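Structure file input.txt with compact mmCIF, C-alpha atoms and all ligand atoms:
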```txt
# COMPACT_ATOMS: atom_id res chain seq x y z
CA MET A 1 -96.20 -147.21 195.78
CA THR A 2 -98.36 -145.07 193.53
CA LEU A 3 -96.77 -142.71 191.04
CA ILE A 4 -98.50 -139.32 191.06
CA ASP A 5 -99.07 -138.38 187.42
CA GLY A 6 -98.70 -134.60 187.18
CA LYS A 7 -99.23 -134.67 183.43
CA LEU A 8 -102.59 -136.36 183.89
CA VAL A 9 -103.79 -134.06 186.69
CA SER A 10 -102.56 -130.99 184.79
CA SER A 11 -104.52 -131.99 181.70
CA VAL A 12 -107.70 -132.34 183.76
CA ILE A 13 -107.19 -128.78 185.01
CA LYS A 14 -106.28 -127.41 181.58
CA ASP A 15 -109.38 -129.04 180.02
CA ARG A 16 -111.54 -127.45 182.72
CA VAL A 17 -109.96 -124.02 182.09
CA GLN A 18 -110.37 -124.42 178.33
CA ALA A 19 -114.08 -125.25 178.68
CA GLU A 20 -114.71 -122.26 180.94
CA VAL A 21 -112.79 -119.90 178.64
CA ALA A 22 -114.98 -120.99 175.70
CA VAL A 23 -118.16 -120.22 177.69
CA LEU A 24 -116.85 -116.83 178.85
CA LYS A 25 -115.73 -115.94 175.32
CA ASP A 26 -119.27 -116.56 174.04
CA LYS A 27 -120.70 -114.51 176.87
CA THR A 28 -118.31 -111.52 176.88
CA GLY A 29 -116.41 -111.60 173.58
CA LYS A 30 -113.20 -111.49 175.63
CA VAL A 31 -110.50 -114.04 176.45
CA PRO A 32 -107.90 -114.01 179.25
CA GLY A 33 -104.52 -112.57 178.30
CA LEU A 34 -101.25 -113.67 179.91
CA ALA A 35 -98.07 -111.61 179.54
CA VAL A 36 -94.77 -113.34 180.26
CA VAL A 37 -91.66 -111.21 180.67
CA LEU A 38 -88.26 -112.82 180.30
CA VAL A 39 -85.10 -110.79 180.87
CA GLY A 40 -81.98 -112.39 179.43
CA GLU A 41 -81.37 -115.59 177.54
CA ASP A 42 -81.39 -118.30 180.21
CA PRO A 43 -82.02 -121.44 178.10
CA ALA A 44 -84.00 -123.20 180.89
CA SER A 45 -86.28 -120.19 181.30
CA ALA A 46 -86.76 -120.08 177.54
CA VAL A 47 -88.17 -123.64 177.74
CA TYR A 48 -90.75 -122.62 180.37
CA VAL A 49 -91.78 -119.60 178.34
CA LYS A 50 -92.26 -121.81 175.29
CA ASN A 51 -94.37 -124.28 177.35
CA LYS A 52 -96.46 -121.42 178.73
CA ASN A 53 -97.12 -120.04 175.23
CA LYS A 54 -98.11 -123.48 173.96
CA THR A 55 -100.46 -124.07 176.90
CA CYS A 56 -102.04 -120.61 176.51
CA GLU A 57 -102.85 -121.48 172.93
CA LYS A 58 -104.39 -124.81 173.98
CA VAL A 59 -106.74 -123.27 176.57
CA GLY A 60 -107.69 -120.31 174.36
CA PHE A 61 -105.80 -117.51 176.09
CA GLN A 62 -104.06 -114.68 174.35
CA SER A 63 -100.38 -115.05 175.14
CA LEU A 64 -97.88 -112.21 174.94
CA SER A 65 -94.14 -112.72 175.38
CA HIS A 66 -91.73 -109.92 176.12
CA ASN A 67 -88.10 -110.91 175.75
CA LEU A 68 -85.74 -108.24 176.98
CA PRO A 69 -81.93 -108.31 176.74
CA ALA A 70 -79.90 -109.40 179.80
CA ASP A 71 -78.58 -105.87 180.34
CA THR A 72 -82.05 -104.29 180.63
CA ASP A 73 -82.17 -101.72 183.45
CA GLU A 74 -84.72 -101.64 186.24
CA ALA A 75 -86.48 -98.49 184.97
CA THR A 76 -87.16 -100.11 181.59
CA LEU A 77 -88.62 -103.20 183.21
CA LEU A 78 -90.74 -101.12 185.62
CA LYS A 79 -92.06 -99.13 182.65
CA LEU A 80 -93.05 -102.36 180.85
CA VAL A 81 -94.80 -103.66 183.99
CA GLY A 82 -96.68 -100.33 184.25
CA ASP A 83 -97.79 -100.62 180.61
CA LEU A 84 -99.00 -104.20 181.17
CA ASN A 85 -100.84 -103.08 184.33
CA SER A 86 -102.87 -100.58 182.31
CA ASP A 87 -103.38 -102.86 179.27
CA ASP A 88 -107.00 -104.08 179.41
CA SER A 89 -106.24 -107.14 177.27
CA VAL A 90 -103.73 -108.37 179.89
CA HIS A 91 -105.11 -110.17 182.96
CA GLY A 92 -102.02 -112.00 184.12
CA ILE A 93 -98.43 -110.76 184.36
CA LEU A 94 -95.56 -113.12 185.03
CA VAL A 95 -92.02 -111.80 185.30
CA GLN A 96 -89.74 -114.80 185.07
CA LEU A 97 -87.34 -115.18 188.01
CA PRO A 98 -84.45 -114.98 188.71
CA LEU A 99 -83.81 -111.51 187.26
CA PRO A 100 -80.32 -110.23 186.36
CA LYS A 101 -78.43 -108.74 189.33
CA GLN A 102 -78.77 -105.09 188.26
CA ILE A 103 -82.53 -105.42 188.87
CA ASP A 104 -84.16 -105.41 192.33
CA SER A 105 -86.69 -108.25 191.92
CA GLN A 106 -88.73 -107.28 194.96
CA ARG A 107 -89.30 -103.82 193.49
CA VAL A 108 -90.46 -105.33 190.22
CA LEU A 109 -92.82 -107.77 191.94
CA GLU A 110 -94.29 -104.92 194.00
CA ALA A 111 -94.91 -102.93 190.80
CA ILE A 112 -97.27 -105.58 189.38
CA ASP A 113 -100.98 -104.89 189.88
CA PRO A 114 -101.91 -107.43 192.60
CA ARG A 115 -105.07 -108.36 190.63
CA LYS A 116 -102.84 -109.41 187.70
CA ASP A 117 -100.20 -111.10 189.86
CA VAL A 118 -100.75 -114.68 188.65
CA ASP A 119 -97.56 -115.83 190.42
CA GLY A 120 -99.00 -114.72 193.77
CA PHE A 121 -95.70 -113.03 194.71
CA HIS A 122 -96.96 -109.48 195.36
CA PRO A 123 -96.95 -108.61 199.11
CA VAL A 124 -100.71 -108.02 199.01
CA ASN A 125 -101.30 -111.56 197.78
CA VAL A 126 -98.66 -112.98 200.12
CA GLY A 127 -100.46 -111.23 202.99
CA HIS A 128 -103.84 -112.52 201.89
CA LEU A 129 -102.46 -116.05 201.72
CA ALA A 130 -100.92 -115.75 205.20
CA SER A 131 -104.22 -114.37 206.57
CA GLY A 132 -106.29 -117.12 204.99
CA VAL A 133 -108.07 -114.71 202.60
CA LYS A 134 -108.90 -116.25 199.22
CA THR A 135 -106.31 -114.96 196.75
CA LEU A 136 -104.03 -115.73 193.80
CA ALA A 137 -101.73 -118.34 195.36
CA PRO A 138 -98.30 -119.28 193.97
CA CYS A 139 -98.69 -121.83 191.17
CA THR A 140 -96.28 -124.55 192.30
CA PRO A 141 -97.63 -125.06 195.84
CA ALA A 142 -101.22 -124.61 194.61
CA GLY A 143 -100.56 -127.34 192.04
CA ILE A 144 -99.22 -129.65 194.73
CA ILE A 145 -102.47 -129.28 196.74
CA GLU A 146 -104.44 -130.10 193.55
CA MET A 147 -102.37 -133.26 193.04
CA LEU A 148 -102.90 -134.41 196.64
CA ASP A 149 -106.64 -133.80 196.27
CA HIS A 150 -106.81 -135.62 192.93
CA TYR A 151 -105.28 -138.73 194.54
CA LYS A 152 -107.51 -138.28 197.63
CA ILE A 153 -104.48 -137.99 199.91
CA ASP A 154 -105.61 -136.74 203.32
CA ILE A 155 -103.96 -133.53 204.52
CA GLU A 156 -105.90 -132.72 207.67
CA GLY A 157 -104.03 -133.60 210.86
CA LYS A 158 -101.04 -134.93 208.92
CA ARG A 159 -97.44 -133.92 209.62
CA ALA A 160 -95.95 -132.13 206.64
CA VAL A 161 -92.25 -131.37 206.43
CA ILE A 162 -91.21 -128.87 203.76
CA ILE A 163 -87.54 -128.84 202.86
CA GLY A 164 -86.76 -125.35 201.56
CA ARG A 165 -87.93 -121.91 202.66
CA SER A 166 -88.18 -119.94 199.41
CA ASN A 167 -90.83 -117.30 198.84
CA ILE A 168 -91.78 -119.13 195.63
CA VAL A 169 -92.39 -122.62 197.03
CA GLY A 170 -91.47 -123.39 200.66
CA LYS A 171 -93.24 -120.57 202.49
CA PRO A 172 -96.47 -120.52 200.43
CA MET A 173 -96.56 -124.34 200.55
CA ALA A 174 -96.55 -124.10 204.34
CA MET A 175 -99.46 -121.62 204.26
CA LEU A 176 -101.56 -123.78 201.92
CA LEU A 177 -100.96 -126.97 203.92
CA LEU A 178 -101.72 -125.11 207.14
CA GLN A 179 -104.97 -123.87 205.63
CA ARG A 180 -105.83 -127.55 205.10
CA ASN A 181 -105.07 -128.29 208.76
CA ALA A 182 -101.76 -130.08 208.42
CA THR A 183 -99.05 -129.66 211.06
CA ILE A 184 -96.18 -127.88 209.37
CA THR A 185 -92.41 -127.92 209.73
CA ILE A 186 -90.16 -125.90 207.42
CA CYS A 187 -86.56 -127.12 207.18
CA HIS A 188 -83.61 -125.40 205.53
CA SER A 189 -79.83 -125.46 205.24
CA ARG A 190 -79.33 -124.66 208.95
CA THR A 191 -81.79 -127.23 210.27
CA LYS A 192 -80.12 -129.64 212.71
CA ASP A 193 -80.51 -133.33 211.91
CA LEU A 194 -82.71 -132.72 208.91
CA PRO A 195 -83.18 -136.41 208.01
CA ALA A 196 -84.59 -137.11 211.50
CA VAL A 197 -87.03 -134.19 211.20
CA ALA A 198 -88.11 -135.31 207.74
CA ARG A 199 -88.66 -138.89 208.97
CA GLU A 200 -91.47 -137.58 211.19
CA ALA A 201 -93.42 -136.53 208.12
CA ASP A 202 -96.50 -138.08 206.57
CA ILE A 203 -95.97 -135.66 203.66
CA VAL A 204 -92.46 -134.57 202.58
CA VAL A 205 -92.01 -131.72 200.10
CA GLY A 206 -88.51 -131.42 198.64
CA ALA A 207 -87.91 -127.84 197.47
CA ILE A 208 -84.28 -126.97 198.17
CA GLY A 209 -82.86 -127.02 194.66
CA LYS A 210 -80.21 -129.66 195.37
CA PRO A 211 -80.24 -132.69 193.07
CA ARG A 212 -81.23 -135.98 194.82
CA PHE A 213 -80.86 -134.35 198.26
CA VAL A 214 -83.80 -136.23 199.79
CA THR A 215 -82.58 -139.79 200.21
CA ALA A 216 -84.28 -142.88 201.65
CA ASP A 217 -83.18 -142.06 205.21
CA PHE A 218 -85.31 -138.86 205.08
CA VAL A 219 -88.47 -140.83 204.49
CA LYS A 220 -90.74 -142.77 206.85
CA ASP A 221 -92.30 -145.95 205.46
CA GLY A 222 -95.56 -145.09 203.74
CA ALA A 223 -94.92 -141.33 203.50
CA VAL A 224 -96.08 -139.19 200.56
CA VAL A 225 -93.12 -137.60 198.76
CA ILE A 226 -93.47 -134.50 196.56
CA ASP A 227 -90.47 -133.46 194.46
CA VAL A 228 -90.32 -129.79 193.45
CA GLY A 229 -86.72 -129.89 192.18
CA ILE A 230 -85.87 -129.05 188.58
CA ASN A 231 -82.10 -129.58 188.35
CA ARG A 232 -80.09 -130.18 185.20
CA VAL A 233 -77.40 -132.79 185.81
CA ASP A 234 -75.35 -133.83 182.77
CA GLY A 235 -78.12 -132.55 180.53
CA LYS A 236 -80.72 -134.65 182.34
CA LEU A 237 -83.59 -133.29 184.46
CA VAL A 238 -83.40 -134.56 188.06
CA GLY A 239 -85.42 -133.63 191.10
CA ASP A 240 -84.49 -132.90 194.72
CA VAL A 241 -85.49 -136.47 195.59
CA ASP A 242 -83.33 -139.55 195.07
CA PHE A 243 -86.25 -141.18 193.29
CA ASP A 244 -84.97 -144.74 192.79
CA ASN A 245 -84.18 -145.27 196.47
CA VAL A 246 -87.07 -143.29 197.95
CA ALA A 247 -89.78 -144.77 195.72
CA GLU A 248 -89.67 -148.19 197.44
CA LYS A 249 -90.42 -146.67 200.85
CA CYS A 250 -93.27 -144.31 200.14
CA SER A 251 -96.99 -144.64 199.47
CA PHE A 252 -97.08 -141.91 196.79
CA ILE A 253 -94.32 -140.07 194.94
CA THR A 254 -94.10 -137.48 192.16
CA PRO A 255 -91.65 -138.04 189.29
CA VAL A 256 -89.39 -135.42 187.65
CA PRO A 257 -90.21 -134.66 184.90
CA GLY A 258 -93.97 -135.22 184.73
CA GLY A 259 -94.83 -134.34 188.34
CA VAL A 260 -94.95 -130.89 189.86
CA GLY A 261 -93.67 -129.04 186.73
CA PRO A 262 -96.73 -129.56 184.53
CA MET A 263 -98.96 -128.65 187.50
CA THR A 264 -97.20 -125.28 187.83
CA ILE A 265 -98.15 -124.42 184.25
CA ALA A 266 -101.73 -125.65 184.73
CA MET A 267 -102.16 -123.50 187.85
CA LEU A 268 -100.76 -120.51 185.98
CA MET A 269 -103.63 -120.96 183.52
CA GLN A 270 -106.09 -121.40 186.39
CA ASN A 271 -104.81 -118.22 188.11
CA THR A 272 -105.00 -116.23 184.86
CA LEU A 273 -108.62 -117.32 184.42
CA THR A 274 -109.34 -116.36 188.06
CA ALA A 275 -107.73 -112.93 187.50
CA PHE A 276 -109.75 -112.44 184.28
CA LYS A 277 -113.01 -113.25 186.09
CA SER A 278 -112.22 -111.01 189.03
CA ILE A 279 -111.14 -108.05 186.83
CA HIS A 280 -114.32 -108.34 184.73
CA ASN A 281 -116.61 -109.19 187.68
CA LEU A 282 -117.61 -112.52 186.12
N1 LIG B 301 -91.97 -115.81 188.14
C1 LIG B 301 -91.70 -117.11 188.00
N2 LIG B 301 -92.69 -118.02 188.20
C2 LIG B 301 -92.44 -119.36 188.06
O1 LIG B 301 -93.35 -120.19 188.23
C3 LIG B 301 -91.11 -119.78 187.69
C4 LIG B 301 -90.14 -118.78 187.52
N3 LIG B 301 -90.45 -117.47 187.69
N4 LIG B 301 -88.88 -119.12 187.19
C5 LIG B 301 -88.50 -120.49 186.91
C6 LIG B 301 -89.36 -121.48 187.70
C7 LIG B 301 -89.34 -122.89 187.19
N5 LIG B 301 -90.69 -123.16 186.73
C8 LIG B 301 -91.08 -124.31 186.04
C9 LIG B 301 -92.34 -124.47 185.55
C10 LIG B 301 -92.70 -125.59 184.83
C11 LIG B 301 -91.78 -126.59 184.58
C12 LIG B 301 -92.18 -127.77 183.76
O2 LIG B 301 -93.17 -127.74 183.06
N6 LIG B 301 -91.44 -128.88 183.81
C13 LIG B 301 -91.77 -130.07 183.05
C14 LIG B 301 -90.86 -130.28 181.87
C15 LIG B 301 -89.52 -129.59 181.93
C16 LIG B 301 -88.55 -129.95 180.84
O3 LIG B 301 -88.65 -131.02 180.22
O4 LIG B 301 -87.64 -129.13 180.62
C17 LIG B 301 -91.73 -131.26 184.01
O5 LIG B 301 -91.22 -131.14 185.11
O6 LIG B 301 -92.25 -132.31 183.62
C18 LIG B 301 -90.51 -126.47 185.08
C19 LIG B 301 -90.17 -125.33 185.80
C20 LIG B 301 -91.45 -122.08 186.95
N7 LIG B 301 -90.77 -121.10 187.53
```
I'd like the structure from this file rewritten - as structure tokens, please.
Amino acid sequence: MTLIDGKLVSSVIKDRVQAEVAVLKDKTGKVPGLAVVLVGEDPASAVYVKNKNKTCEKVGFQSLSHNLPADTDEATLLKLVGDLNSDDSVHGILVQLPLPKQIDSQRVLEAIDPRKDVDGFHPVNVGHLASGVKTLAPCTPAGIIEMLDHYKIDIEGKRAVIIGRSNIVGKPMAMLLLQRNATITICHSRTKDLPAVAREADIVVGAIGKPRFVTADFVKDGAVVIDVGINRVDGKLVGDVDFDNVAEKCSFITPVPGGVGPMTIAMLMQNTLTAFKSIHNL
């Protein structure tokens, strides 16, 4: 069993972004700007925002944080998104999800300029991804592809089973794996005999948000197991995969923490750089 080191792969990507930013800064006098919008005080979200700010600083981006109170109304948030859309120093806009219930998240996502949509959640970018047009792809699934490539794990022709059908991970993961010629199955809470379906997989992606849901009987001997889960259990971070029992069966596995999470941040930097280059025709 090989442990996939997301921290290592993410630092390779961040170093590459940092080097390119330095060159582009010399050439244009500009640096990419990333705006992160957080509504409310969710302590877990606050940690991600802090990590994003720290990473922006490392790679040489300008980082702007907007922290709005939990009772912010939709019109106020839409106004902020509009201002960020027309701000030339901002190339990436990330509105942290989930949003409080008085706000229609889909409306907010659709208000973001698709060229600045570094999450890849705007319908234009979702459509491009589904059509196989090069686009800003969601950071978590894009990071998973980067990890598989780094470890030279073959995707073409392989059976991939994705557990979870969210717009953030499950669905875009399916599109990216399909683009790489895998055979895709998406499972969810209504799937019949889920463990048996998952056991068919050469690559299993756990993205259902249930701690240690993917147990050893979901996993074929020698499978590759990717854990997208970020669950807090008794103050500890645990994934969607029952790591200790699954690890013995598989060929590769990602840990939590130190697996997919750091890759998400690295791909956010990569997408912001891509947006910067495309906005400035570089
Ligand atoms: N619009 C939007 N885009 C997102 O990408 C988004 C979001 N909303 N809402 C919340 C989720 C969650 N998410 C994480 C990113 C990095 C880590 C991460 O870096 N985790 C580290 C450390 C975590 C820790 O120690 O707390 C790790 O797994 O090793 C975790 C979670 C992005 N999300």
Produce a table with one row for each residue of chain A that has an atom at most 6 Å from any atom of ligand LIG 301 (chain B), each row naming the nearest atom pair and its distance in Å at one decimal; use only C-alpha atoms and all ligand atoms; arrange rows by chain and rising residue number; format as a tab-separated table.
```
residue	atom	partner	partner_atom	distance
A:Tyr48	CA	B:LIG301	C10	5.7
A:Leu94	CA	B:LIG301	N1	5.5
A:Val95	CA	B:LIG301	N1	4.9
A:Gln96	CA	B:LIG301	N3	3.8
A:Leu97	CA	B:LIG301	N3	3.9
A:Asp119	CA	B:LIG301	N2	5.8
A:Val256	CA	B:LIG301	O5	5.3
A:Pro257	CA	B:LIG301	O6	3.4
A:Gly258	CA	B:LIG301	O6	3.6
A:Gly259	CA	B:LIG301	O6	5.7
A:Gly261	CA	B:LIG301	C12	3.6
A:Pro262	CA	B:LIG301	O2	4.3
A:Thr264	CA	B:LIG301	C10	5.4
A:Ile265	CA	B:LIG301	C10	5.6
```
Find the residue from A:Leu194, A:Ala266, A:Val49, A:Ile230 that sits nearest to Arg16 (chain A); use all atoms listed in the file when measuring.
-> A:Ala266
Could you write out as JSON the box around region 87-91 of chain A (axis-aligned, all atoms listed in the file, 6 Å on each side), with centre and edge lengths in Å to one decimal?
```
{"center_x": -105.2, "center_y": -106.5, "center_z": 180.1, "size_x": 15.6, "size_y": 19.3, "size_z": 17.7}
```
Contacts of region 215-223 of chain A within 7 Å, only C-alpha atoms, excl. fewer than 3 positions in-chain, as number ranges by chain | A: 195-196, 198-203, 212, 241-242, 245-246, 249-251
Compare A:Asn181, A:Leu109, A:Val204, A:Met269 by their minimum atom-to-atom distance to Glu57 (chain A), counting all atoms listed in the file, and give me the closest one.
->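 Selected residue with least distance to Glu57 (chain A): A:Met269.
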From A:Val17, A:Ile93, A:Ala142, A:Ala182, residue lying nearest Ala35 (chain A) [all atoms listed in the file] =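 Smallest distance to Ala35 (chain A) is found for A:Ile93.
Shortest separation to Ser131 (chain A) among A:Gln179, A:Thr274, A:Ser10, A:Gln106 occurs at residue A:Gln179, atoms counted being only C-alpha atoms.
Between CA of Val260 (chain A) and CA of Arg180 (chain A) the separation is 19.0 Å.
Atom pair CA of Ile208 (chain A) / CA of Arg165 (chain A) has a distance of 7.7 Å (rounded to one decimal).
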Tell me, as a short mmCIF file (atom, residue, chain, number, x, y, z; two decimals) with C-alpha atoms, keeping the file's coordinate frame, which residues lie within 9 Å of Ile13 (chain A), counting all atoms listed in the file; anything in the same chain fewer than 5 positions away does not count.
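Resulting contents of out_31.cif:
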```cif
data_model
loop_
_atom_site.label_atom_id
_atom_site.label_comp_id
_atom_site.auth_asym_id
_atom_site.auth_seq_id
_atom_site.Cartn_x
_atom_site.Cartn_y
_atom_site.Cartn_z
CA LEU A 8 -102.59 -136.36 183.89
CA GLN A 18 -110.37 -124.42 178.33
CA MET A 263 -98.96 -128.65 187.50
CA ALA A 266 -101.73 -125.65 184.73
CA MET A 267 -102.16 -123.50 187.85
CA MET A 269 -103.63 -120.96 183.52
CA GLN A 270 -106.09 -121.40 186.39
#
```
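Between CA of Ala44 (chain A) and CA of Gly170 (chain A) the interatomic distance comes to 21.1 Å.
Using all atoms listed in the file, the shortest contact distance between Gly132 (chain A) and any of A:Leu176, A:Val205, A:Ala160, A:Ile168 is found at A:Leu176.
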What lies within 12 Å of Leu80 (chain A) using only C-alpha atoms, ignoring chain neighbours under 3 positions off, as an MDAnalysis selection string?
-> chainID A and resid 35:39 65:68 72:77 83:87 93:95 108 111:112
Quick one: write out the picked residues with C-alpha atoms as an mmCIF file, in the frame of the given file?
```cif
data_model
loop_
_atom_site.group_PDB
_atom_site.id
_atom_site.type_symbol
_atom_site.label_atom_id
_atom_site.label_comp_id
_atom_site.auth_asym_id
_atom_site.auth_seq_id
_atom_site.Cartn_x
_atom_site.Cartn_y
_atom_site.Cartn_z
ATOM 1 C CA ALA A 35 -98.070 -111.610 179.540
ATOM 2 C CA VAL A 36 -94.770 -113.340 180.260
ATOM 3 C CA VAL A 37 -91.660 -111.210 180.670
ATOM 4 C CA LEU A 38 -88.260 -112.820 180.300
ATOM 5 C CA VAL A 39 -85.100 -110.790 180.870
ATOM 6 C CA SER A 65 -94.140 -112.720 175.380
ATOM 7 C CA HIS A 66 -91.730 -109.920 176.120
ATOM 8 C CA ASN A 67 -88.100 -110.910 175.750
ATOM 9 C CA LEU A 68 -85.740 -108.240 176.980
ATOM 10 C CA THR A 72 -82.050 -104.290 180.630
ATOM 11 C CA ASP A 73 -82.170 -101.720 183.450
ATOM 12 C CA GLU A 74 -84.720 -101.640 186.240
ATOM 13 C CA ALA A 75 -86.480 -98.490 184.970
ATOM 14 C CA THR A 76 -87.160 -100.110 181.590
ATOM 15 C CA LEU A 77 -88.620 -103.200 183.210
ATOM 16 C CA ASP A 83 -97.790 -100.620 180.610
ATOM 17 C CA LEU A 84 -99.000 -104.200 181.170
ATOM 18 C CA ASN A 85 -100.840 -103.080 184.330
ATOM 19 C CA SER A 86 -102.870 -100.580 182.310
ATOM 20 C CA ASP A 87 -103.380 -102.860 179.270
ATOM 21 C CA ILE A 93 -98.430 -110.760 184.360
ATOM 22 C CA LEU A 94 -95.560 -113.120 185.030
ATOM 23 C CA VAL A 95 -92.020 -111.800 185.300
ATOM 24 C CA VAL A 108 -90.460 -105.330 190.220
ATOM 25 C CA ALA A 111 -94.910 -102.930 190.800
ATOM 26 C CA ILE A 112 -97.270 -105.580 189.380
#
```
Just the residues within 9 Å of Val9 (chain A), please, counting only C-alpha atoms, with nothing from its chain fewer than 2 positions along; format it as a PyMOL selection string.
-> chain A and resi 4-7+11-14+146-147+150+262-263+266
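Every protein, DNA or RNA residue with an atom at most 7 Å from Val228 (chain A), where all atoms listed in the file count and chain neighbours fewer than 2 positions away do not, is listed here: A:Gly206, A:Ala207, A:Ile226, A:Ile230, A:Gly239, A:Asp240, A:Val260.
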